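Engineer: Hey, dropping query_14.csv in here, CSV, C-alpha atoms and all ligand atoms:
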```csv
chain,number,residue,atom,x,y,z
A,16,MET,CA,16.3,-12.2,-1.5
A,17,THR,CA,19.8,-11.1,-2.6
A,18,THR,CA,22.5,-10.6,0.0
A,19,ARG,CA,22.2,-6.8,-0.5
A,20,GLU,CA,18.5,-7.0,0.2
A,21,GLN,CA,19.2,-9.1,3.3
A,22,ILE,CA,21.5,-6.5,4.6
A,23,VAL,CA,18.9,-3.8,4.1
A,24,GLN,CA,16.3,-6.0,5.8
A,25,LEU,CA,18.6,-6.5,8.8
A,26,PHE,CA,19.1,-2.7,9.2
A,27,ARG,CA,15.4,-2.1,8.8
A,28,ASN,CA,14.6,-4.6,11.5
A,29,ARG,CA,16.8,-2.6,13.9
A,30,PRO,CA,16.3,1.1,13.1
A,31,GLY,CA,19.0,3.4,14.2
A,32,GLU,CA,21.2,0.6,15.6
A,33,TYR,CA,24.7,-0.3,14.7
A,34,ILE,CA,25.2,-3.8,13.5
A,35,SER,CA,28.8,-5.1,13.7
A,36,GLY,CA,30.6,-6.4,10.6
A,37,GLN,CA,31.1,-9.6,12.5
A,38,GLU,CA,27.4,-10.1,13.1
A,39,LEU,CA,26.5,-9.4,9.5
A,40,SER,CA,29.2,-11.8,8.3
A,41,ARG,CA,28.0,-14.5,10.7
A,42,VAL,CA,24.3,-14.1,9.8
A,43,LEU,CA,24.9,-13.9,6.0
A,44,HIS,CA,27.6,-16.5,5.9
A,45,ILE,CA,30.0,-14.2,3.9
A,46,SER,CA,33.4,-12.7,4.9
A,47,ARG,CA,33.7,-9.2,6.4
A,48,ALA,CA,35.4,-8.1,3.3
A,49,ALA,CA,32.4,-9.2,1.3
A,50,ILE,CA,30.1,-7.3,3.7
A,51,TRP,CA,32.2,-4.1,3.1
A,52,LYS,CA,31.8,-4.6,-0.7
A,53,GLN,CA,28.1,-5.0,-0.4
A,54,VAL,CA,27.9,-1.8,1.8
A,55,GLU,CA,29.9,0.1,-0.9
A,56,GLN,CA,27.4,-1.1,-3.5
A,57,LEU,CA,24.5,0.0,-1.4
A,58,ARG,CA,26.0,3.4,-1.0
A,59,GLU,CA,26.4,3.6,-4.8
A,60,LEU,CA,22.6,3.0,-5.0
A,61,GLY,CA,22.0,5.9,-2.7
A,62,PHE,CA,21.8,4.3,0.8
A,63,GLU,CA,23.5,6.4,3.4
A,64,ILE,CA,25.4,4.0,5.7
A,65,GLU,CA,27.6,5.1,8.5
A,66,ALA,CA,30.6,2.9,9.3
A,67,ARG,CA,32.1,3.3,12.8
A,68,ARG,CA,35.1,1.6,14.2
A,69,ALA,CA,34.2,-0.8,17.1
A,70,CYS,CA,30.4,-0.2,16.5
A,71,GLY,CA,29.8,-1.5,13.0
A,72,TYR,CA,27.3,-0.2,10.3
A,73,ARG,CA,24.2,1.9,10.7
A,74,LEU,CA,21.6,2.8,8.1
A,75,LEU,CA,20.9,6.5,8.1
A,76,GLU,CA,18.8,7.0,4.9
A,77,SER,CA,17.3,4.8,2.2
A,78,PRO,CA,16.7,5.9,-1.4
A,79,ASP,CA,13.4,5.4,-3.1
A,80,LEU,CA,14.3,2.1,-4.7
A,81,LEU,CA,11.9,-0.7,-5.8
A,82,LEU,CA,13.2,-3.6,-3.8
A,83,PRO,CA,11.2,-6.9,-4.0
A,84,SER,CA,11.6,-7.4,-0.2
A,85,ASP,CA,9.9,-4.0,0.5
A,86,LEU,CA,7.2,-4.6,-2.0
A,87,VAL,CA,6.3,-8.1,-1.0
A,88,SER,CA,6.4,-7.8,2.8
A,89,ASP,CA,2.8,-8.2,4.1
A,90,LEU,CA,1.4,-7.7,0.7
A,91,ALA,CA,-2.3,-8.6,1.1
A,92,THR,CA,-3.0,-10.4,-2.2
A,93,LEU,CA,-4.4,-13.7,-3.2
A,94,LEU,CA,-2.4,-14.0,-6.4
A,95,VAL,CA,-0.7,-10.9,-7.7
A,96,GLY,CA,2.9,-10.1,-6.6
A,97,HIS,CA,3.8,-13.3,-4.8
A,98,GLN,CA,6.7,-13.2,-7.2
A,99,ILE,CA,8.2,-9.8,-8.0
A,100,HIS,CA,11.1,-9.5,-10.4
A,101,CYS,CA,12.8,-6.1,-10.3
A,102,VAL,CA,15.5,-5.1,-12.7
A,103,GLU,CA,17.5,-2.0,-13.1
A,104,THR,CA,17.0,-1.8,-16.9
A,105,THR,CA,15.2,-3.7,-19.6
A,106,ALA,CA,13.9,-3.0,-23.1
A,107,SER,CA,10.3,-3.2,-21.9
A,108,THR,CA,8.8,-4.8,-18.8
A,109,ASN,CA,6.0,-6.2,-21.0
A,110,GLN,CA,8.5,-7.9,-23.2
A,111,LEU,CA,10.4,-9.3,-20.2
A,112,ALA,CA,7.1,-10.6,-18.7
A,113,GLN,CA,6.3,-12.3,-22.0
A,114,GLN,CA,9.7,-14.0,-22.0
A,115,MET,CA,9.1,-15.1,-18.5
A,116,VAL,CA,5.8,-16.7,-19.6
A,117,VAL,CA,7.8,-18.9,-21.9
A,118,GLU,CA,10.1,-19.8,-19.1
A,119,GLY,CA,7.1,-20.9,-17.0
A,120,ALA,CA,6.4,-17.8,-14.8
A,121,PRO,CA,3.3,-18.3,-12.7
A,122,GLU,CA,0.1,-16.3,-12.9
A,123,GLY,CA,0.4,-13.1,-10.8
A,124,GLN,CA,4.1,-12.7,-11.6
A,125,VAL,CA,5.1,-9.0,-11.5
A,126,VAL,CA,8.0,-7.4,-13.4
A,127,LEU,CA,9.3,-3.9,-12.5
A,128,ALA,CA,12.1,-1.9,-13.9
A,129,GLU,CA,13.8,1.3,-12.9
A,130,THR,CA,14.1,2.3,-16.6
A,131,GLN,CA,13.1,0.9,-20.0
A,132,THR,CA,15.2,1.4,-23.1
A,133,ALA,CA,12.3,0.6,-25.5
A,134,GLY,CA,9.2,1.2,-23.4
A,135,ARG,CA,6.2,0.4,-25.5
A,136,GLY,CA,3.1,2.4,-26.1
A,137,ARG,CA,0.2,1.2,-28.2
A,138,MET,CA,0.4,0.8,-32.0
A,139,GLY,CA,4.2,0.9,-32.0
A,140,ARG,CA,4.4,4.2,-30.1
A,141,ARG,CA,7.1,4.8,-27.5
A,142,TRP,CA,6.7,5.2,-23.7
A,143,GLU,CA,9.2,7.6,-22.2
A,144,SER,CA,10.9,5.8,-19.3
A,145,PRO,CA,13.5,7.9,-17.5
A,146,SER,CA,15.3,6.1,-14.7
A,147,GLY,CA,14.4,5.9,-11.0
A,148,VAL,CA,11.5,8.3,-11.1
A,149,ASN,CA,8.4,6.4,-12.4
A,150,ILE,CA,6.7,3.1,-12.3
A,151,TYR,CA,7.1,0.7,-15.2
A,152,CYS,CA,5.2,-2.4,-14.2
A,153,SER,CA,3.8,-5.6,-15.9
A,154,VAL,CA,1.5,-8.1,-14.3
A,155,LEU,CA,1.1,-11.5,-15.8
A,156,LEU,CA,-2.4,-13.0,-15.7
A,157,LYS,CA,-3.6,-16.3,-17.2
A,158,PRO,CA,-7.4,-16.1,-17.0
A,159,GLN,CA,-9.4,-19.2,-17.8
A,160,ILE,CA,-12.0,-17.2,-19.9
A,161,PRO,CA,-12.8,-17.3,-23.6
A,162,PRO,CA,-10.3,-15.1,-25.5
A,163,HIS,CA,-13.2,-12.9,-26.8
A,164,GLN,CA,-13.7,-11.7,-23.2
A,165,ALA,CA,-10.1,-10.7,-22.7
A,166,PRO,CA,-10.7,-7.0,-23.8
A,167,GLN,CA,-12.8,-6.6,-20.7
A,168,LEU,CA,-9.7,-7.1,-18.6
A,169,THR,CA,-8.0,-4.1,-20.3
A,170,PHE,CA,-10.2,-1.9,-18.1
A,171,LEU,CA,-8.9,-3.6,-15.0
A,172,SER,CA,-5.5,-1.9,-15.0
A,173,ALA,CA,-7.1,1.5,-15.8
A,174,VAL,CA,-9.6,1.2,-12.9
A,175,ALA,CA,-6.9,0.1,-10.5
A,176,THR,CA,-4.5,2.9,-11.5
A,177,ALA,CA,-7.0,5.7,-11.4
A,178,GLU,CA,-8.6,4.6,-8.1
A,179,VAL,CA,-5.2,4.2,-6.4
A,180,LEU,CA,-3.9,7.5,-7.6
A,181,THR,CA,-7.0,9.3,-6.4
A,182,GLU,CA,-7.0,7.6,-3.0
A,183,LEU,CA,-3.3,8.0,-2.2
A,184,TYR,CA,-2.7,11.5,-3.5
A,185,ASP,CA,-6.2,13.1,-3.5
A,186,ILE,CA,-5.8,13.9,-7.2
A,187,ASN,CA,-8.7,13.5,-9.5
A,188,ALA,CA,-7.5,10.8,-11.9
A,189,ARG,CA,-10.0,10.0,-14.7
A,190,VAL,CA,-10.1,7.5,-17.4
A,191,LYS,CA,-10.1,8.3,-21.1
A,192,TRP,CA,-11.5,5.6,-23.4
A,193,PRO,CA,-10.1,3.1,-24.1
A,194,ASN,CA,-7.5,3.3,-21.4
A,195,ASP,CA,-5.5,6.4,-20.7
A,196,ILE,CA,-5.3,8.0,-17.2
A,197,LEU,CA,-5.6,11.8,-17.1
A,198,VAL,CA,-5.5,14.4,-14.4
A,199,GLY,CA,-7.1,17.7,-15.5
A,200,GLY,CA,-6.7,16.6,-19.1
A,201,ARG,CA,-3.1,15.7,-18.8
A,202,LYS,CA,-1.8,12.2,-19.1
A,203,ILE,CA,-0.3,10.8,-15.9
A,204,ALA,CA,-0.4,7.1,-16.8
A,205,GLY,CA,-0.5,4.8,-19.9
A,206,LEU,CA,-1.6,1.2,-20.1
A,207,LEU,CA,-0.7,-1.5,-22.6
A,208,ASN,CA,-2.3,-4.9,-22.3
A,209,GLU,CA,-0.9,-7.6,-24.5
A,210,LEU,CA,-2.7,-10.9,-25.1
A,211,SER,CA,-1.3,-14.2,-26.3
A,212,ALA,CA,-4.1,-16.6,-27.1
A,213,GLU,CA,-5.4,-19.3,-29.4
A,214,THR,CA,-9.1,-19.5,-30.6
A,215,GLU,CA,-10.2,-21.3,-27.5
A,216,GLN,CA,-7.6,-20.5,-24.8
A,217,ILE,CA,-5.7,-17.6,-23.4
A,218,HIS,CA,-2.0,-18.3,-22.8
A,219,SER,CA,-1.2,-15.0,-21.1
A,220,LEU,CA,-2.4,-11.5,-20.6
A,221,VAL,CA,0.3,-9.0,-19.6
A,222,LEU,CA,-1.1,-5.8,-18.1
A,223,GLY,CA,1.5,-3.1,-18.7
A,224,ILE,CA,1.3,0.0,-16.5
A,225,GLY,CA,3.4,3.1,-16.8
A,226,ILE,CA,2.8,5.8,-14.2
A,227,ASN,CA,4.6,9.2,-14.1
A,228,VAL,CA,5.4,9.6,-10.4
A,229,ASN,CA,8.4,11.9,-9.8
A,230,MET,CA,9.0,13.0,-13.4
A,231,THR,CA,9.5,16.7,-13.7
A,232,ALA,CA,8.2,18.9,-16.5
A,233,ASP,CA,11.6,19.2,-18.1
A,234,GLN,CA,11.9,15.4,-18.5
A,235,PHE,CA,9.0,15.3,-20.9
A,236,PRO,CA,10.1,15.5,-24.5
A,237,ALA,CA,8.3,17.9,-26.8
A,238,GLY,CA,5.6,16.7,-29.1
A,239,LEU,CA,3.8,14.2,-26.9
A,240,ARG,CA,0.3,13.3,-28.0
A,241,TYR,CA,-1.4,14.8,-25.0
A,242,PRO,CA,0.0,17.2,-22.4
A,243,ALA,CA,1.6,15.1,-19.7
A,244,THR,CA,1.9,15.3,-16.0
A,245,SER,CA,3.1,13.3,-13.0
A,246,VAL,CA,2.1,12.8,-9.3
A,247,ARG,CA,4.9,15.1,-8.3
A,248,ILE,CA,3.7,17.9,-10.6
A,249,GLU,CA,0.1,17.5,-9.3
A,250,THR,CA,1.0,17.3,-5.6
A,251,GLY,CA,4.0,19.5,-5.6
A,252,GLU,CA,5.9,16.9,-3.6
A,253,LEU,CA,8.4,14.1,-4.2
A,254,GLN,CA,6.7,10.8,-3.7
A,255,SER,CA,7.9,7.4,-2.5
A,256,ARG,CA,7.0,4.8,-5.1
A,257,VAL,CA,6.8,1.7,-2.8
A,258,PRO,CA,3.4,2.5,-1.3
A,259,LEU,CA,2.0,3.2,-4.7
A,260,VAL,CA,3.2,-0.1,-6.2
A,261,ARG,CA,2.0,-2.0,-3.2
A,262,LEU,CA,-1.5,-0.5,-3.3
A,263,LEU,CA,-1.7,-0.9,-7.1
A,264,LEU,CA,-0.9,-4.6,-6.9
A,265,GLN,CA,-3.4,-5.1,-4.1
A,266,ARG,CA,-6.1,-3.4,-6.1
A,267,ILE,CA,-5.3,-5.3,-9.3
A,268,ASP,CA,-5.5,-8.5,-7.2
A,269,PHE,CA,-8.9,-7.5,-5.7
A,270,LEU,CA,-10.4,-6.4,-9.1
A,271,TYR,CA,-9.2,-9.6,-10.8
A,272,ALA,CA,-10.8,-11.8,-8.1
A,273,GLU,CA,-14.0,-9.8,-8.4
A,274,PHE,CA,-14.0,-10.1,-12.2
A,275,LEU,CA,-13.5,-13.9,-12.0
A,276,GLU,CA,-16.3,-14.3,-9.5
A,277,GLN,CA,-18.8,-11.7,-10.8
A,278,GLY,CA,-17.9,-11.1,-14.4
A,279,PHE,CA,-17.5,-7.7,-16.2
A,280,ALA,CA,-20.5,-5.8,-14.6
A,281,PRO,CA,-18.7,-4.5,-11.4
A,282,LEU,CA,-15.6,-3.6,-13.3
A,283,ARG,CA,-17.6,-1.8,-16.0
A,284,ARG,CA,-19.5,0.2,-13.3
A,285,ARG,CA,-16.2,1.2,-11.6
A,286,TRP,CA,-14.7,2.3,-15.0
A,287,GLU,CA,-17.9,4.3,-15.9
A,288,ALA,CA,-17.7,6.1,-12.6
A,289,LEU,CA,-14.2,7.3,-13.6
A,290,PHE,CA,-15.2,8.3,-17.1
A,291,ASP,CA,-16.2,12.0,-17.7
A,292,LEU,CA,-18.0,11.5,-21.0
A,293,LEU,CA,-20.8,9.2,-19.9
A,294,ASP,CA,-24.1,10.6,-21.3
A,295,ARG,CA,-22.2,13.4,-23.0
A,296,GLN,CA,-22.4,14.5,-26.6
A,297,VAL,CA,-19.1,13.6,-28.3
A,298,GLU,CA,-17.6,13.3,-31.7
A,299,VAL,CA,-15.4,10.3,-32.6
A,300,ASP,CA,-12.7,10.5,-35.1
A,301,LEU,CA,-12.7,7.1,-36.8
A,302,GLY,CA,-9.9,8.0,-39.2
A,303,PRO,CA,-11.8,8.0,-42.5
A,304,ARG,CA,-14.9,9.7,-41.0
A,305,ILE,CA,-16.1,11.6,-37.9
A,306,ILE,CA,-19.3,10.6,-36.2
A,307,SER,CA,-21.1,12.2,-33.3
A,308,GLY,CA,-23.6,10.9,-30.7
A,309,VAL,CA,-24.2,10.5,-27.0
A,310,VAL,CA,-22.0,8.1,-25.0
A,311,GLY,CA,-23.9,5.3,-23.4
A,312,GLY,CA,-21.0,3.5,-21.7
A,313,LEU,CA,-19.1,0.3,-22.4
A,314,GLU,CA,-20.3,-2.7,-24.4
A,315,PRO,CA,-19.6,-6.1,-22.9
A,316,ASP,CA,-16.6,-6.5,-25.2
A,317,GLY,CA,-15.1,-3.1,-24.2
A,318,ALA,CA,-16.3,-1.1,-27.3
A,319,LEU,CA,-17.8,2.3,-26.6
A,320,ARG,CA,-21.6,2.5,-27.0
A,321,LEU,CA,-22.8,5.5,-28.9
A,322,PHE,CA,-26.4,6.6,-29.2
A,323,MET,CA,-26.7,8.1,-32.7
A,324,PRO,CA,-29.2,10.9,-33.6
A,325,ASP,CA,-31.2,8.5,-35.8
A,326,GLY,CA,-31.8,6.1,-32.9
A,327,ARG,CA,-29.2,3.6,-33.9
A,328,ILE,CA,-26.5,2.3,-31.5
A,329,GLU,CA,-23.0,2.5,-32.9
A,330,ARG,CA,-20.2,0.4,-31.4
A,331,VAL,CA,-16.9,2.2,-31.5
A,332,VAL,CA,-13.9,-0.2,-31.4
A,333,ALA,CA,-11.1,2.3,-32.0
A,334,GLY,CA,-11.1,6.1,-32.4
A,335,ASP,CA,-10.4,9.3,-30.8
A,336,VAL,CA,-13.3,10.5,-28.6
A,337,ARG,CA,-13.8,14.3,-27.9
A,338,PRO,CA,-16.6,16.0,-26.1
A,339,ILE,CA,-18.6,18.5,-28.0
A,340,ALA,CA,-18.9,21.7,-26.1
A,341,SER,CA,-22.6,22.3,-25.2
M,401,LIG,C1,0.3,4.1,-23.8
M,401,LIG,O1,0.4,4.1,-25.1
M,401,LIG,O2,-0.1,5.0,-23.1
M,401,LIG,C2,0.8,2.8,-23.1
M,401,LIG,C3,2.0,3.0,-22.3
M,401,LIG,C4,2.3,1.8,-21.5
M,401,LIG,C5,3.6,1.9,-20.8
M,401,LIG,C6,3.9,0.7,-19.9
M,401,LIG,S1,5.3,0.9,-19.0
M,401,LIG,C7,5.3,-0.7,-18.4
M,401,LIG,C8,4.9,-1.5,-19.6
M,401,LIG,N1,6.0,-1.9,-20.4
M,401,LIG,C9,6.0,-1.3,-21.6
M,401,LIG,O3,6.9,-1.5,-22.5
M,401,LIG,N2,4.9,-0.6,-21.8
M,401,LIG,C10,4.1,-0.6,-20.6
M,401,LIG,P1,-0.2,5.2,-26.1
M,401,LIG,O4,-1.6,5.5,-25.8
M,401,LIG,O5,0.2,4.7,-27.4
M,401,LIG,O6,0.6,6.5,-25.7
M,401,LIG,C11,2.0,6.7,-26.2
M,401,LIG,C12,2.1,8.1,-26.4
M,401,LIG,O7,2.1,8.8,-25.2
M,401,LIG,C13,3.5,8.5,-27.0
M,401,LIG,O8,3.4,8.5,-28.4
M,401,LIG,C14,3.8,9.9,-26.5
M,401,LIG,O9,3.1,10.9,-27.3
M,401,LIG,C15,3.1,9.9,-25.2
M,401,LIG,N3,4.0,9.5,-24.1
M,401,LIG,C16,5.1,8.8,-24.1
M,401,LIG,N4,5.7,8.7,-22.9
M,401,LIG,C17,4.9,9.3,-22.0
M,401,LIG,C18,4.9,9.6,-20.7
M,401,LIG,N5,5.9,9.0,-19.9
M,401,LIG,N6,3.9,10.3,-20.1
M,401,LIG,C19,3.0,10.8,-20.9
M,401,LIG,N7,2.9,10.6,-22.2
M,401,LIG,C20,3.8,9.9,-22.8
```
Translate this file's structure into structure tokens.
Structural biologist:
Amino acid sequence: MTTREQIVQLFRNRPGEYISGQELSRVLHISRAAIWKQVEQLRELGFEIEARRACGYRLLESPDLLLPSDLVSDLATLLVGHQIHCVETTASTNQLAQQMVVEGAPEGQVVLAETQTAGRGRMGRRWESPSGVNIYCSVLLKPQIPPHQAPQLTFLSAVATAEVLTELYDINARVKWPNDILVGGRKIAGLLNELSAETEQIHSLVLGIGINVNMTADQFPAGLRYPATSVRIETGELQSRVPLVRLLLQRIDFLYAEFLEQGFAPLRRRWEALFDLLDRQVEVDLGPRIISGVVGGLEPDGALRLFMPDGRIERVVAGDVRPIAS
């Protein structure tokens, strides 16, 4: 914990109370001038701190910041989030997590940023990452499974995100194959899972999750692939990000343990329950050609199973799936 976080923690433990500069300086082993400097920095971050002669400092208001100490305290997980690294800015949390793998980061390591300067989407696309309003999160896993099973885990972050958004905010978050999260047809979250593996062994799987939380309509640039939305737009209210991150990490942890114990089946069932196109007639744009059929769910490797009119089963590995109006 940084000194700044320790100060916040001390205030939070004694809500509404003044804490003298002398006490802060004694507990934290730094001078009173250094305490004053830290308080100034906290104010710059948006903390409202009253300073009163002969009484000390008192915390009046906290901003919606992602502080590891708030995120970690009483986090009920087996593995995920025992170490959380929060940064103000980075190119991409996925990239930072991959660097941390090289430096020996443990499984379950979480990386969060207030903003990303080169947020990554799939296939070289860009993820818009304005500062302080959304969640940009990467979770590092090192599953001991054959690399060909890794695509199954791409559905883990989608299920966790959609379930948690629905439970916390009572919005109907649905999955779009392979792994977008939509509310009423608008994209609220995007997922980018990046695998590093050899033929026999997975080195790391980074689950990258971007959730639009407090982003407003005017912050979305023109020309996005789908219409976009945020939790704030859907609920009409500003939301605190801390409870969302905590629940998300807990759900990822739970689903990962379930996957390692019971395999893909429970995860597949959960994903299919969040998928609107099951048993529906769809057309799939494969690029060079368009095919149509009835969606039969997920194949064990994460491909979309399509029942074709001639009785064949087609496995769709990549393509744009659209319902056919009936
Ligand atoms: C995705 O790609 O949806 C994956 C996004 C993953 C972002 C997270 S944030 C934490 C972690 N670190 C990273 O660097 N990335 C991950 P894709 O399906 O390719 O969608 C990208 C497209 O969505 C863009 O080309 C835009 O059209 C649109 N888009 C960009 N930013 C958006 C946003 N904030 N909300 C909605 N749509 C967006």
Engineer: Could you give me, as a tab-separated table, every chain A residue with an atom at most 7 Å from ligand LIG 401 (chain M), plus its closest atom pair and distance in Å to one decimal, counting all atoms listed in the file, rows ordered by chain then number?
Structural biologist:
```
residue	atom	partner	partner_atom	distance
A:Ser107	CA	M:LIG401	O3	3.8
A:Thr108	CA	M:LIG401	N1	4.3
A:Asn109	CA	M:LIG401	N1	4.3
A:Gln110	CA	M:LIG401	O3	6.6
A:Ala133	CA	M:LIG401	O3	6.5
A:Gly134	CA	M:LIG401	O3	3.7
A:Arg135	CA	M:LIG401	O3	3.6
A:Gly136	CA	M:LIG401	O1	3.3
A:Arg137	CA	M:LIG401	O5	3.6
A:Met138	CA	M:LIG401	O5	6.0
A:Arg140	CA	M:LIG401	O8	4.7
A:Arg141	CA	M:LIG401	C13	5.2
A:Trp142	CA	M:LIG401	N4	3.7
A:Glu143	CA	M:LIG401	N4	3.7
A:Ser144	CA	M:LIG401	N5	6.0
A:Tyr151	CA	M:LIG401	C7	3.9
A:Cys152	CA	M:LIG401	C7	4.5
A:Ser153	CA	M:LIG401	C8	5.6
A:Asp195	CA	M:LIG401	O2	6.1
A:Lys202	CA	M:LIG401	C19	5.3
A:Ile203	CA	M:LIG401	N6	6.0
A:Ala204	CA	M:LIG401	N6	6.3
A:Gly205	CA	M:LIG401	O2	3.2
A:Leu206	CA	M:LIG401	C2	4.2
A:Leu207	CA	M:LIG401	C2	4.6
A:Gly223	CA	M:LIG401	C8	3.9
A:Ile224	CA	M:LIG401	C6	4.3
A:Gly225	CA	M:LIG401	S1	3.6
A:Asn227	CA	M:LIG401	N5	5.9
A:Gly238	CA	M:LIG401	O9	6.6
A:Leu239	CA	M:LIG401	O9	3.4
A:Arg240	CA	M:LIG401	O9	3.8
A:Tyr241	CA	M:LIG401	O9	6.4
A:Ala243	CA	M:LIG401	C19	4.7
A:Thr244	CA	M:LIG401	C19	6.7
```
Engineer: Show which residues sit within 9 Å of A:Pro338, as a PyMOL selection string. Count all atoms listed in the file, and ignore same-chain residues fewer than 6 positions away.
Structural biologist: chain A and resi 292+295-299
Engineer: Work out how far atom CA of A:Ala177 is from atom CA of A:Gln277, in Å to one decimal.
Structural biologist: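 Going from atom CA of A:Gln277 over to atom CA of A:Ala177, I get 21.0 Å.
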Engineer: Quick check, in Å to one decimal: how far apart do atom CA of A:Val116 and atom CA of A:Asp85 lie?
Structural biologist: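 Atom CA of A:Val116 sits 24.1 Å away from atom CA of A:Asp85.
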Engineer: Give me, as a list of chain:residue names, all polymer residues having an atom no more than 9 Å from A:Ile34, counting all atoms listed in the file and skipping those fewer than 5 positions away in the same chain.
Structural biologist: A:Leu25, A:Phe26, A:Arg29, A:Leu39, A:Cys70, A:Gly71, A:Tyr72, A:Arg73
Engineer: Write out as an MDAnalysis selection string each polymer residue whose atoms come within 10 Å of stretch 180-192 of chain A, counting all atoms listed in the file; drop sequence neighbours fewer than 2 positions from it.
Structural biologist: chainID A and resid 170 173:178 194:204 226 228 246:247 249:250 254 258:259 262:263 286:292 312:313 317:319 333:337
Engineer: Save out the residues we just selected, C-alpha atoms, as a tab-separated table (two decimals), in the frame of the given file.
Structural biologist:
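Writing done, so here's out.tsv:
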```tsv
chain	number	residue	atom	x	y	z
A	170	PHE	CA	-10.20	-1.90	-18.10
A	173	ALA	CA	-7.10	1.50	-15.80
A	174	VAL	CA	-9.60	1.20	-12.90
A	175	ALA	CA	-6.90	0.10	-10.50
A	176	THR	CA	-4.50	2.90	-11.50
A	177	ALA	CA	-7.00	5.70	-11.40
A	178	GLU	CA	-8.60	4.60	-8.10
A	194	ASN	CA	-7.50	3.30	-21.40
A	195	ASP	CA	-5.50	6.40	-20.70
A	196	ILE	CA	-5.30	8.00	-17.20
A	197	LEU	CA	-5.60	11.80	-17.10
A	198	VAL	CA	-5.50	14.40	-14.40
A	199	GLY	CA	-7.10	17.70	-15.50
A	200	GLY	CA	-6.70	16.60	-19.10
A	201	ARG	CA	-3.10	15.70	-18.80
A	202	LYS	CA	-1.80	12.20	-19.10
A	203	ILE	CA	-0.30	10.80	-15.90
A	204	ALA	CA	-0.40	7.10	-16.80
A	226	ILE	CA	2.80	5.80	-14.20
A	228	VAL	CA	5.40	9.60	-10.40
A	246	VAL	CA	2.10	12.80	-9.30
A	247	ARG	CA	4.90	15.10	-8.30
A	249	GLU	CA	0.10	17.50	-9.30
A	250	THR	CA	1.00	17.30	-5.60
A	254	GLN	CA	6.70	10.80	-3.70
A	258	PRO	CA	3.40	2.50	-1.30
A	259	LEU	CA	2.00	3.20	-4.70
A	262	LEU	CA	-1.50	-0.50	-3.30
A	263	LEU	CA	-1.70	-0.90	-7.10
A	286	TRP	CA	-14.70	2.30	-15.00
A	287	GLU	CA	-17.90	4.30	-15.90
A	288	ALA	CA	-17.70	6.10	-12.60
A	289	LEU	CA	-14.20	7.30	-13.60
A	290	PHE	CA	-15.20	8.30	-17.10
A	291	ASP	CA	-16.20	12.00	-17.70
A	292	LEU	CA	-18.00	11.50	-21.00
A	312	GLY	CA	-21.00	3.50	-21.70
A	313	LEU	CA	-19.10	0.30	-22.40
A	317	GLY	CA	-15.10	-3.10	-24.20
A	318	ALA	CA	-16.30	-1.10	-27.30
A	319	LEU	CA	-17.80	2.30	-26.60
A	333	ALA	CA	-11.10	2.30	-32.00
A	334	GLY	CA	-11.10	6.10	-32.40
A	335	ASP	CA	-10.40	9.30	-30.80
A	336	VAL	CA	-13.30	10.50	-28.60
A	337	ARG	CA	-13.80	14.30	-27.90
```
Engineer: Could you please give me, as a list in words, the residues of protein, DNA or RNA lying at most 10 Å from (17.9, -5.3, -0.1) in the coordinate frame of the file, considering all atoms listed in the file?
Structural biologist: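 Protein, DNA and RNA residues close to (17.9, -5.3, -0.1): Met16, Thr17, Thr18, Arg19, Glu20, Gln21, Ile22, Val23, Gln24, Leu25, Phe26, Arg27, Leu57, Leu80, Leu81, Leu82, Pro83, Ser84 and Asp85 of chain A.
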Engineer: Would you compute the distance between atom CA of A:Met323 and atom CA of A:Phe279? Give it in Å to one decimal.
Structural biologist: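 The value is 24.6 Å.
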Engineer: Here is a test: counting all atoms listed in the file, which residue of A:Ile305, A:Glu55, A:Val95, A:Phe322 is nearest to A:Ile267?
Structural biologist: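 So, comparing all the options, the nearest one is A:Val95.
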Engineer: Using only C-alpha atoms, determine which residues lie at most 12 Å from A:Gln113, disregarding the query and same-chain residues fewer than 3 positions distant; provide the list as a ChimeraX atom specification.
Structural biologist: /A:107-110,116-122,124-126,153-157,208-211,218-223
Engineer: Using only C-alpha atoms, determine which residues lie at most 8 Å from A:Thr92, disregarding the query and same-chain residues fewer than 6 positions distant; provide the list as a PDB file with C-alpha atoms, in the frame of the given file.
Structural biologist:
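Written output follows (out_38.pdb):
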```pdb
ATOM      1  CA  LEU A 264      -0.900  -4.600  -6.900  1.00  0.00           C
ATOM      2  CA  GLN A 265      -3.400  -5.100  -4.100  1.00  0.00           C
ATOM      3  CA  ASP A 268      -5.500  -8.500  -7.200  1.00  0.00           C
ATOM      4  CA  PHE A 269      -8.900  -7.500  -5.700  1.00  0.00           C
TER       5      PHE A 269
END
```
Engineer: My list of candidates is A:His44, A:Val331, A:Pro193, A:Ile50. Which is closest to A:Asp300 when distances are computed with all atoms listed in the file?
Structural biologist: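 Between A:His44, A:Val331, A:Pro193, A:Ile50, the residue approaching A:Asp300 most closely is A:Val331.
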Engineer: Smallest atom-to-atom distance to A:Gly31: which of A:Ile150, A:Leu86, A:Val102, A:Leu74, using all atoms listed in the file?
Structural biologist: A:Leu74
Engineer: Rank A:Ile248, A:Met230, A:Leu253, A:Ala112 by their smallest atom-to-atom distance to A:Ser146, using all atoms listed in the file, and report the top residue only.
Structural biologist: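 Smallest separation from A:Ser146 among the options: A:Met230.
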Engineer: Could you check the closest approach to A:Gln131 for each of A:Gln114, A:Asn28, A:Asn149, A:Ser245 and tell me which residue wins, using all atoms listed in the file?
Structural biologist: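 Answer, going by the shortest atom-to-atom distance: A:Asn149.
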Engineer: Around (-11.6, -23.2, -29.8) in the file's frame, which residues reach within 10 Å when counting only C-alpha atoms? Return as number ranges by chain?
Structural biologist: A: 161-162, 213-216
